[in-house]
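These notes concern the structure reproduced below.
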Amino acid sequence: MTGLTRRGLLHGGGAVAFAGVSLAALKLPLFGVSGAKQVPADCRATDLSDTEKKVIVSNWPAYIDPRKKSTSTASVFTERTGIEVDYTDDINDNAEFFAKVKNQLGSCQTINRDMIIMTDWMAARMIGLGWIQPLDADKIPNVHKNLIEPLRNRQWDKDLKFHAPWQAGLTGIAYNAAKVPEVKSFEELLTRSDLKGRMTLLSEMRDTMAFMLRVVGADPDKFTDAEWSKAIDRLQEVVASGQVRSFTGNEYIQDLAAGNIVACEAWSGDVIQAQFDNPDIKFVTPEEGLSLWADNMMVPNLAEHQANAEAWMNYYYEPEVAAKLAAWVNYICPVEGAKQEMEKIDPSLVDNKLIFPDNEDLVDAFDFMPLTDQQSQQYEGDFNDVIVG
Amino acid sequence: MSSSADVAQERRAPARASFDGLRLENLTKSFGAFTAVDDLDLDVPRGSFFALLGPSGCGKTTTLRMVAGLETPTSGGITLAGQDITYAKPYKRPVNTVFQNYALFPHLDIYENVAFGLKRRKAGNVDAQVKEMLSLVELDSQTRKRPAQLSGGQQQRVALARALINKPEVLLLDEPLGALDLKLRRNMQIELKRIQTEVGLTFIHVTHDQEEAMTMADTVAVMNAGVIEQMGAPEELYENPRTTFVANFLGQSNLIEGTIKGRSGDLVTVDMHGIDVSVPAARSHADGDKGWIGIRPEKVLIGDPGEQLDAPGNSVPGGVVSDVSFVGVSTQYLVRMPWGQELQVFAQNTGHRRIYRSGEQVDLSWRPDYAFLLDASQDARAGAQEGTD
Amino acid sequence: MASTAGTAPVTTAPASDDSSRRRGLTGYVLLVPGVVWLALFFVIPFYSLVATSLYDPGGSVFSGYEMSYQFSNYWHAIQDYWEPLLRSLWYAGLATLICLVLGYVLAYAIAFKAGRWKNLMLVLVIAPFFTSFLVRTLSWKLILADGGLIVNSLQAVHLLGPDGRLLATPFAVICGIVYNFLPFMVLPLFASIDKIDHRLIEASSDLYANPFVGFWKVTWPLSLPGVVSGTLLTFIPAAGDYINAQLLGSPNQRMVGNVIQNLFTQANDYPAAGALSMILMILIVAMVLFYVRRAGTEELL
């Protein structure tokens with residue numbers, strides 16, 4: 001979800017400048033930056049949940065049902081628990097948000113948030129950096145009970161010690177059925193001549209490279225440097241041939257609707273929403289496999305209302321609440337039992353496989369293997385070099 | 001020049017081709033509803049120093065700009081040495097202008113400013129010509145300065161040199177001395193006249209300063225409200241004005257209402273408030289039975305009641321001195337006449353006569369040869385205000 | 001006056017000495033906010049950027065970065081990214097040139113021909129700034145869309161093949177840059193041209209310069225300060241721009257701004273990003289200095 005915006009560099013640049021300020025204050029003229037790795041136990045705030053009935057949440061835009069309504073999931077939460085929700089949709093991009101909080105979390109300072117929502121790989125990275133507080137399993141029984149099977153046992157947090165998925169989605173192919181025949185596989189997307197220059201890929205490295213690895217016969221869950229190089233070379237070839245129009249964040253969906261592109265790598269939720277306006281837009285699970293991802297709720301270091309945040313997590317894992325949320329956001333609902341509850345809310349969505357996929361379908365879903373920091377930097381660098389031409 | 005209409009008629013038909021000066025015929029320029037120049041006919045003989053004199057807004061600058069080609073006439077024509085240049089582009093006319101604010105090119109030095117016209121015409125020997133011209137205006141030591149580094153008088157000379165160097169058929173000077181202080185202006189007047197005599201070009205000098213016009217020009221045309229009121233040598237205009245405007249704009253005049261009693265031979269007899277005065281027929285420009293008797297203040301003699309003054313004269317008794325100003329070279333009186341009008345009298349302080357005091361009874365007298373008679377239909381105050389600045 | 005002047009030296013001499021010292025100090029005190037501002041928002045970030053560009057590239061967010069004065073970062077950055085770097089300068093230069101031509105015509109028309117519409121036209125030039133940069137750029141996507149009027153018309157007259165497109169081409173990127181930075185060109189040009197005394201142009205035509213020659217010999221040199229500041233105000237941000245390439249271009253049109261942005265936020269390769277930023281900055285400063293020298297308008301800086 002790289003909504004690549006102007007803010008991207010402004011924040012990036014600003015963050016770097018800010019890093020300079022804070023560093024300079026401490027270390028001039030010695031230069032150098034110490035590592036950002038922290039120990040969560042050492043960066044713990046006293047939990048004020050009992051005295052301050054509030055929880056500060058940062059989320060992605062349009063990722064919750066409208067909160068103003070008295071029947072909204074957030075309003076009901078406040079009504080039921082007495083906890084005020086201080087909600088901001090200030091996360092537009094994983095990397096951008098990382099840059100924004102890097103200096104504080106990297107030096108054990110508070111970011112004044114009780115909950116942040118990050119995509120798998122960034123969640124893994126933050127957990128690895130020790131920026132995330134472990135959750136109290138006793139306070140989130142619904143999560144442990146109701147999380148759907150395919151999202152359990154992620155390599156980077158097998159026991160749900162640090163995270164609970166908020167929403168999940170599939171990465172696949174979208175195409176405009178009115179303009180081109182079905183695009184069945186990623187291989188087709190990369191080679192079909194009727195798509196040349198009228199096709200986009202995602203600028204999120206893991207999304208695109210997972211499929212590239214599959215295309216060259218490797219397994220994204222576990223691959224070697226050689227396989228990686230092969231996949232990158234293949235991508236380089238495709239880009240050089242002019243097949244790829246651009247690497248995009250969310251904006252591919254407007255291009256698809258406007259007819260500037262006829263096929264693209266896409267996220268399922270975007271496609272469902274676009275289908276309401278244009279039924280010709282179709283989502284395809286590529287023959288190479290399913291790429292399942294989730295955006296995950298986590299409690300950052302020095303959060304002062306962890307118990308309240310846990311109450312929020314637990315609340316959203318009630319099937320009824322989850323169904324209400326899913327009816328609005330149209331992504332894959334990570335909560336078991338929500339499908340049954342959906343019957344009462346909007347029966348037309350019950351059979352939508354992009355909201356309630358069968359668990360069997362998701363068994364084949366692949367994940368991107370966790371990367372060490374060095375690998376991540378190397379691979380992101382390689383990918384970056386290809387997509388910036 | 002007994003009748004201007006006759007002269008114009010005679011002049012126009014046969015001389016059309018042979019006239020080698022600048023000729024304006026029926027020239028009219030309107031800006032919307034406002035007519036700046038109204039059916040103007042004017043001949044400027046080759047090699048003359050011609051002044052176009054008039055108050056601001058009288059159309060003299062518009063006339064100049066039409067000659068330069070910077071305005072297109074609404075109707076009428078302009079010929080120069082027999083060639084029609086009415087619609088010729090300004091850069092194709094053998095006419096150059098010294099602009100009111102000089103309009104020197106601020107980004108070029110003095111040398112380049114002066115050389116501008118020659119270089120545009122790809123003239124040879126530019127360097128020698130420029131040097132010669134700069135020495136003519138005595139600026140040879142300033143060649144590499146920028147206009148902003150020069151004084152007003154120096155800038156004026158550069159502007160003159162820049163125009164003169166092209167040896168135009170006609171040189172137009174648009175109030176070129178207006179921005180200079182009085183002393184510098186006098187010096188420049190003399191210098192301009194000297195240069196004109198030296199190079200022998202036709203100069204058309206636009207000004208609102210009657211003294212300047214009279215000092216410098218061979219011929220002065222007095223312009224008012226878009227038409228030429230009178231044209232002639234400075235002395236002629238001054239001594240024998242044909243309209244109240246000219247009488248007042250050039251110097252000062254006493255204009256006294258009178259009824260024409262008879263015309264016999266060379267003399268016109270006029271009843272002036274009960275006193276018979278005579279005016280030479282050549283100086284009478286009134287057709288009806290009423291008229292303005294005009295007499296210049298310095299031509300009026302002042303004396304004790306009954307005193308015989310410089311006979312044979314028009315003698316006017318019964319005046320009372322109402323104001324006396326002693327200005328050194330002369331004494332200026334205001335004398336209230338029996339009919340209530342105050343007349344101006346300038347008496348030279350030759351020492352032969354005593355100076356009268358306010359309230360004294362006096363007689364006035366003037367020679368008939370000095371008086372002039374103007375049409376009663378004209379405004380006696382026309383031109384009185386504008387002429388004084 | 002005379003009497004006070006007579007007594008003044010005796011009584012006020014020591015006081016004035018004292019107060020002048022105080023006045024001198026006041027000057028420095030008044031400088032403090034400016035100096036602090038500069039230090040905080042220019043010197044320190046710049047220092048930090050220089051430092052970042054010299055870090056050991058082996059570092060990471062996990063392990064931190066060692067300062068090892070890796071000047072090779074610069075060499076590697078040039079080796080890896082010379083293509084987008086050159087492309088940026090080329091696109092920015094071309095866009096600046098187009099802006100200059102369009103902007104000059106526009107500024108000239110506003111200054112000399114607009115009459116009483118002058119102010120309205122100036123407002124119209126600035127009007128696009130009332131919306132966000134992003135929205136303005138996105139609207140070009142609509143204008144140049146594959147199924148849009150322009151592409152269809154060009155295809156109809158066979159200037160563009162049936163599969164041809166404008167989006168995701170250098171054309172679209174340069175269009176976007178020209179559009180977005182045109183006001184930066186027009187405003188200084190207008191300020192310069194508007195100041196030109198119209199009588200100078202009349203004088204040139206009086207002195208045998210036809211309109212074309214008059215323009216080159218008088219109007220153009222007198223508007224040079226506007227040309228220089230306009231081209232600088234356009235070229236500098238255009239060379240670092242990445243929005244236009246991102247939204248209107250394809251990977252083959254990516255500019256150095258995109259590379260830096262990706263290196264900072266996506267790849268987290270801070271040393272390379274820092275080095276590339278420094279290279280871009282040095283290149284631009286060098287080009288600007290050279291340009292200003294050549295244009296002979298040092299007083300502008």
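Ordering of the structure tokens sets the chain letters (A, B, ...); residue numbers start at 1 within each chain; ligands are numbered from 1 in the order shown.
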Write out as an mmCIF file with N, CA, C and O atoms, in the first residue's frame every residue belonging to chain C that has an atom at most 10 Å from any atom of chain B, counting only C-alpha atoms.
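File written: selection.cif
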```cif
data_model
loop_
_atom_site.group_PDB
_atom_site.id
_atom_site.type_symbol
_atom_site.label_atom_id
_atom_site.label_comp_id
_atom_site.auth_asym_id
_atom_site.auth_seq_id
_atom_site.Cartn_x
_atom_site.Cartn_y
_atom_site.Cartn_z
ATOM 1 N N ASP C 197 10.236 50.578 -19.667
ATOM 2 C CA ASP C 197 9.578 51.788 -20.135
ATOM 3 C C ASP C 197 9.207 51.608 -21.600
ATOM 4 O O ASP C 197 10.071 51.354 -22.432
ATOM 5 N N HIS C 198 7.929 51.714 -21.880
ATOM 6 C CA HIS C 198 7.483 51.458 -23.239
ATOM 7 C C HIS C 198 8.118 52.436 -24.228
ATOM 8 O O HIS C 198 8.277 52.132 -25.402
ATOM 9 N N ARG C 199 8.501 53.588 -23.714
ATOM 10 C CA ARG C 199 9.116 54.585 -24.599
ATOM 11 C C ARG C 199 10.457 54.108 -25.140
ATOM 12 O O ARG C 199 10.901 54.536 -26.200
ATOM 13 N N LEU C 200 11.103 53.175 -24.389
ATOM 14 C CA LEU C 200 12.380 52.660 -24.892
ATOM 15 C C LEU C 200 12.148 51.846 -26.151
ATOM 16 O O LEU C 200 12.965 51.849 -27.083
ATOM 17 N N ILE C 201 11.033 51.144 -26.178
ATOM 18 C CA ILE C 201 10.729 50.336 -27.357
ATOM 19 C C ILE C 201 10.380 51.260 -28.516
ATOM 20 O O ILE C 201 10.801 51.031 -29.660
ATOM 21 N N GLU C 202 9.657 52.330 -28.200
ATOM 22 C CA GLU C 202 9.374 53.328 -29.232
ATOM 23 C C GLU C 202 10.675 53.940 -29.735
ATOM 24 O O GLU C 202 10.853 54.144 -30.937
ATOM 25 N N ALA C 203 11.576 54.219 -28.792
ATOM 26 C CA ALA C 203 12.844 54.825 -29.184
ATOM 27 C C ALA C 203 13.595 53.901 -30.123
ATOM 28 O O ALA C 203 14.187 54.339 -31.109
ATOM 29 N N SER C 204 13.568 52.586 -29.835
ATOM 30 C CA SER C 204 14.298 51.663 -30.697
ATOM 31 C C SER C 204 13.689 51.651 -32.094
ATOM 32 O O SER C 204 14.403 51.578 -33.092
ATOM 33 N N SER C 205 12.364 51.725 -32.165
ATOM 34 C CA SER C 205 11.772 51.689 -33.495
ATOM 35 C C SER C 205 12.014 53.020 -34.204
ATOM 36 O O SER C 205 12.153 53.071 -35.421
ATOM 37 N N ASP C 206 12.125 54.086 -33.429
ATOM 38 C CA ASP C 206 12.468 55.376 -34.015
ATOM 39 C C ASP C 206 13.884 55.343 -34.574
ATOM 40 O O ASP C 206 14.213 56.039 -35.514
ATOM 41 N N LEU C 207 14.717 54.484 -33.962
ATOM 42 C CA LEU C 207 16.119 54.402 -34.376
ATOM 43 C C LEU C 207 16.340 53.215 -35.304
ATOM 44 O O LEU C 207 17.337 52.512 -35.215
ATOM 45 N N TYR C 208 15.396 52.976 -36.171
ATOM 46 C CA TYR C 208 15.549 52.045 -37.297
ATOM 47 C C TYR C 208 15.587 50.576 -36.897
ATOM 48 O O TYR C 208 15.999 49.741 -37.690
ATOM 49 N N ALA C 209 15.153 50.234 -35.661
ATOM 50 C CA ALA C 209 15.105 48.824 -35.304
ATOM 51 C C ALA C 209 13.699 48.324 -35.614
ATOM 52 O O ALA C 209 12.731 48.857 -35.084
ATOM 53 N N ASN C 210 13.582 47.301 -36.471
ATOM 54 C CA ASN C 210 12.259 46.735 -36.697
ATOM 55 C C ASN C 210 11.835 45.996 -35.425
ATOM 56 O O ASN C 210 12.658 45.773 -34.542
ATOM 57 N N PRO C 211 10.570 45.627 -35.302
ATOM 58 C CA PRO C 211 10.109 45.064 -34.027
ATOM 59 C C PRO C 211 10.950 43.888 -33.550
ATOM 60 O O PRO C 211 11.218 43.741 -32.370
ATOM 61 N N VAL C 213 14.211 43.168 -34.253
ATOM 62 C CA VAL C 213 15.518 43.640 -33.776
ATOM 63 C C VAL C 213 15.340 44.421 -32.480
ATOM 64 O O VAL C 213 16.106 44.268 -31.523
ATOM 65 N N GLY C 214 14.307 45.248 -32.431
ATOM 66 C CA GLY C 214 14.039 46.029 -31.220
ATOM 67 C C GLY C 214 13.849 45.124 -30.020
ATOM 68 O O GLY C 214 14.347 45.409 -28.928
ATOM 69 N N LYS C 217 17.315 43.721 -29.059
ATOM 70 C CA LYS C 217 18.301 44.699 -28.616
ATOM 71 C C LYS C 217 17.841 45.476 -27.375
ATOM 72 O O LYS C 217 18.661 46.029 -26.662
ATOM 73 N N VAL C 218 16.543 45.554 -27.153
ATOM 74 C CA VAL C 218 16.066 46.377 -26.046
ATOM 75 C C VAL C 218 15.231 45.574 -25.040
ATOM 76 O O VAL C 218 15.627 45.406 -23.890
ATOM 77 N N THR C 219 14.107 45.023 -25.503
ATOM 78 C CA THR C 219 13.220 44.345 -24.563
ATOM 79 C C THR C 219 13.912 43.160 -23.887
ATOM 80 O O THR C 219 13.889 43.024 -22.670
ATOM 81 N N PRO C 221 17.246 42.281 -23.485
ATOM 82 C CA PRO C 221 18.269 42.574 -22.468
ATOM 83 C C PRO C 221 17.700 43.211 -21.210
ATOM 84 O O PRO C 221 18.175 42.936 -20.110
ATOM 85 N N LEU C 222 16.664 44.029 -21.373
ATOM 86 C CA LEU C 222 16.118 44.675 -20.183
ATOM 87 C C LEU C 222 15.322 43.694 -19.330
ATOM 88 O O LEU C 222 15.139 43.909 -18.137
#
```
**OP:** Identify every residue of chain C that has at least one atom within 8 Å of any atom of chain A, counting only C-alpha atoms, and report the result as a ChimeraX atom specification.
**Re:** /C:40,44-49,51,55,60-67,84,134,145-147,168,243,249-255,258-259,261-269
Subject >> Surrounding residues of A:Asn59 excluding itself and chain neighbours under 3 positions, 10 Å, only C-alpha atoms, as a list in words >> reply: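 That gives Ala62, Tyr63, Ile64, Tyr87, Thr88, Asp89, Asp90, Ile91, Asn92, Met115, Ile116, Ile117, Met118, Trp166, Asp295, Asn296 and Met297 of chain A.
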Original post:
Skipping near chain neighbours, those fewer than 3 positions away, what residues fall within 7 Å of stretch 74-83 of chain C using only C-alpha atoms, listed as a list in words?
Top reply: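 Returned residues: Phe71, Leu86, Arg87, Ala272, Ala275 and Leu276 of chain C.
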Could you save the residues just selected, with C-alpha atoms, as a short mmCIF file (atom, residue, chain, number, x, y, z; two decimals), in the first residue's frame?
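Result went into selection_0.cif, see below:
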```cif
data_model
loop_
_atom_site.label_atom_id
_atom_site.label_comp_id
_atom_site.auth_asym_id
_atom_site.auth_seq_id
_atom_site.Cartn_x
_atom_site.Cartn_y
_atom_site.Cartn_z
CA PHE C 71 33.56 9.05 -0.06
CA LEU C 86 21.17 13.09 -16.34
CA ARG C 87 17.54 12.56 -17.22
CA ALA C 272 23.27 6.31 -0.91
CA ALA C 275 25.19 10.98 -1.34
CA LEU C 276 22.79 11.31 -4.25
#
```
Original post:
Separation of atom CA of A:Pro66 and atom CA of A:Ala323, in Å?
Top reply: 14.5 Å
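Among B:Leu373, B:Trp366, B:Lys167, B:His208, the residue with the shortest atom-to-atom distance to B:Ser284, counting only C-alpha atoms, is B:Leu373.
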Subject >> Exercise: A:Glu182 partners within 12 Å, only C-alpha atoms, chain neighbours under 5 positions left out, as number ranges by chain >> reply: A: 173-177, 188-189, 192, 194-195, 262-264, 280-286
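When DSSP reads the backbone of this structure, the residues of stretch 90-134 of chain B it assigns to alpha helix (DSSP H) are Ile110, Tyr111, Glu112, Asn113, Val114, Ala115, Phe116, Gly117, Leu118, Lys119, Arg120, Val126, Asp127, Ala128, Gln129, Val130, Lys131, Glu132, Met133 and Leu134 of chain B.
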**OP:** Mind checking which residues fall within 7 Å of stretch 319-327 of chain B, counting only C-alpha atoms, ignoring those fewer than 3 positions away in the same chain, and posting them as a PyMOL selection string?
**Re:** chain B and resi 330-338+357-363
With N, CA, C and O atoms retained, could you export that selection as an mmCIF file, in the first residue's frame?
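Below is the file again-v6.cif, written as the result:
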```
data_model
loop_
_atom_site.group_PDB
_atom_site.id
_atom_site.type_symbol
_atom_site.label_atom_id
_atom_site.label_comp_id
_atom_site.auth_asym_id
_atom_site.auth_seq_id
_atom_site.Cartn_x
_atom_site.Cartn_y
_atom_site.Cartn_z
ATOM 1 N N SER B 330 11.863 97.488 -14.951
ATOM 2 C CA SER B 330 10.640 98.212 -15.310
ATOM 3 C C SER B 330 9.744 98.309 -14.085
ATOM 4 O O SER B 330 10.009 97.701 -13.054
ATOM 5 N N THR B 331 8.693 99.100 -14.272
ATOM 6 C CA THR B 331 7.678 99.174 -13.224
ATOM 7 C C THR B 331 6.381 98.703 -13.854
ATOM 8 O O THR B 331 6.038 99.085 -14.972
ATOM 9 N N GLN B 332 5.668 97.842 -13.162
ATOM 10 C CA GLN B 332 4.439 97.309 -13.713
ATOM 11 C C GLN B 332 3.267 97.909 -12.947
ATOM 12 O O GLN B 332 3.184 97.798 -11.730
ATOM 13 N N TYR B 333 2.383 98.540 -13.713
ATOM 14 C CA TYR B 333 1.217 99.181 -13.097
ATOM 15 C C TYR B 333 -0.033 98.418 -13.459
ATOM 16 O O TYR B 333 -0.139 97.828 -14.538
ATOM 17 N N LEU B 334 -0.999 98.498 -12.557
ATOM 18 C CA LEU B 334 -2.362 98.126 -12.903
ATOM 19 C C LEU B 334 -3.156 99.422 -12.839
ATOM 20 O O LEU B 334 -3.147 100.092 -11.806
ATOM 21 N N VAL B 335 -3.821 99.757 -13.955
ATOM 22 C CA VAL B 335 -4.541 101.033 -13.992
ATOM 23 C C VAL B 335 -6.025 100.768 -14.192
ATOM 24 O O VAL B 335 -6.415 100.091 -15.159
ATOM 25 N N ARG B 336 -6.835 101.248 -13.247
ATOM 26 C CA ARG B 336 -8.279 101.055 -13.367
ATOM 27 C C ARG B 336 -8.862 102.125 -14.276
ATOM 28 O O ARG B 336 -8.650 103.316 -14.072
ATOM 29 N N MET B 337 -9.567 101.685 -15.312
ATOM 30 C CA MET B 337 -10.102 102.605 -16.289
ATOM 31 C C MET B 337 -11.527 102.998 -15.912
ATOM 32 O O MET B 337 -12.162 102.304 -15.101
ATOM 33 N N PRO B 338 -12.045 104.077 -16.495
ATOM 34 C CA PRO B 338 -13.389 104.552 -16.132
ATOM 35 C C PRO B 338 -14.442 103.464 -16.319
ATOM 36 O O PRO B 338 -15.425 103.430 -15.597
ATOM 37 N N ARG B 357 2.329 106.507 -7.916
ATOM 38 C CA ARG B 357 1.938 105.759 -6.737
ATOM 39 C C ARG B 357 0.499 105.309 -6.858
ATOM 40 O O ARG B 357 -0.289 105.863 -7.630
ATOM 41 N N SER B 358 0.164 104.372 -6.126
ATOM 42 C CA SER B 358 -1.185 103.838 -6.121
ATOM 43 C C SER B 358 -2.174 104.943 -5.786
ATOM 44 O O SER B 358 -1.944 105.729 -4.865
ATOM 45 N N GLY B 359 -3.289 105.051 -6.535
ATOM 46 C CA GLY B 359 -4.317 106.047 -6.273
ATOM 47 C C GLY B 359 -4.178 107.297 -7.123
ATOM 48 O O GLY B 359 -5.109 108.100 -7.189
ATOM 49 N N GLU B 360 -3.036 107.479 -7.788
ATOM 50 C CA GLU B 360 -2.833 108.675 -8.607
ATOM 51 C C GLU B 360 -3.650 108.609 -9.887
ATOM 52 O O GLU B 360 -3.875 107.537 -10.444
ATOM 53 N N GLN B 361 -4.093 109.758 -10.362
ATOM 54 C CA GLN B 361 -4.808 109.879 -11.635
ATOM 55 C C GLN B 361 -3.769 109.845 -12.759
ATOM 56 O O GLN B 361 -2.746 110.520 -12.680
ATOM 57 N N VAL B 362 -4.042 109.059 -13.799
ATOM 58 C CA VAL B 362 -3.107 109.019 -14.920
ATOM 59 C C VAL B 362 -3.866 108.977 -16.240
ATOM 60 O O VAL B 362 -5.047 108.606 -16.302
ATOM 61 N N ASP B 363 -3.188 109.337 -17.308
ATOM 62 C CA ASP B 363 -3.683 109.116 -18.654
ATOM 63 C C ASP B 363 -2.826 108.024 -19.295
ATOM 64 O O ASP B 363 -1.630 107.928 -19.001
#
```
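Once C:Gly103 and its same-chain neighbours fewer than 6 positions away are set aside, C:Leu182, C:Met185, C:Val186 remain within 7 Å of it when counting only C-alpha atoms.
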Could the residues in this selection be saved with N, CA and C atoms as a PDB file, in the first residue's frame?
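Generated output (again_4.pdb):
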```
ATOM      1  N   LEU C 182       5.311  26.750 -14.493  1.00  0.00           N
ATOM      2  CA  LEU C 182       5.147  27.937 -15.342  1.00  0.00           C
ATOM      3  C   LEU C 182       4.973  29.231 -14.537  1.00  0.00           C
ATOM      4  N   MET C 185       8.010  30.942 -13.564  1.00  0.00           N
ATOM      5  CA  MET C 185       8.679  31.631 -14.659  1.00  0.00           C
ATOM      6  C   MET C 185       7.961  32.940 -14.976  1.00  0.00           C
ATOM      7  N   VAL C 186       6.641  32.858 -15.007  1.00  0.00           N
ATOM      8  CA  VAL C 186       5.873  34.018 -15.468  1.00  0.00           C
ATOM      9  C   VAL C 186       6.025  35.204 -14.506  1.00  0.00           C
TER      10      VAL C 186
END
```
Original post:
From the set C:Pro57, C:Pro237, C:Gly257, C:Pro128, which residue has the shortest atom-to-atom contact distance to C:Tyr179, counting only C-alpha atoms?
Top reply: C:Pro128
Original post:
What is the distance, in Å and to one decimal place, between atom CA of B:Asp271 and atom CA of B:Met231?
Top reply: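 About the pair atom CA of B:Asp271 and atom CA of B:Met231: they are 29.4 Å apart.
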Original post:
How many Å lie between atom CA of C:Ile174 and atom CA of C:Ala273, rounded to one decimal?
Top reply: 24.2 Å
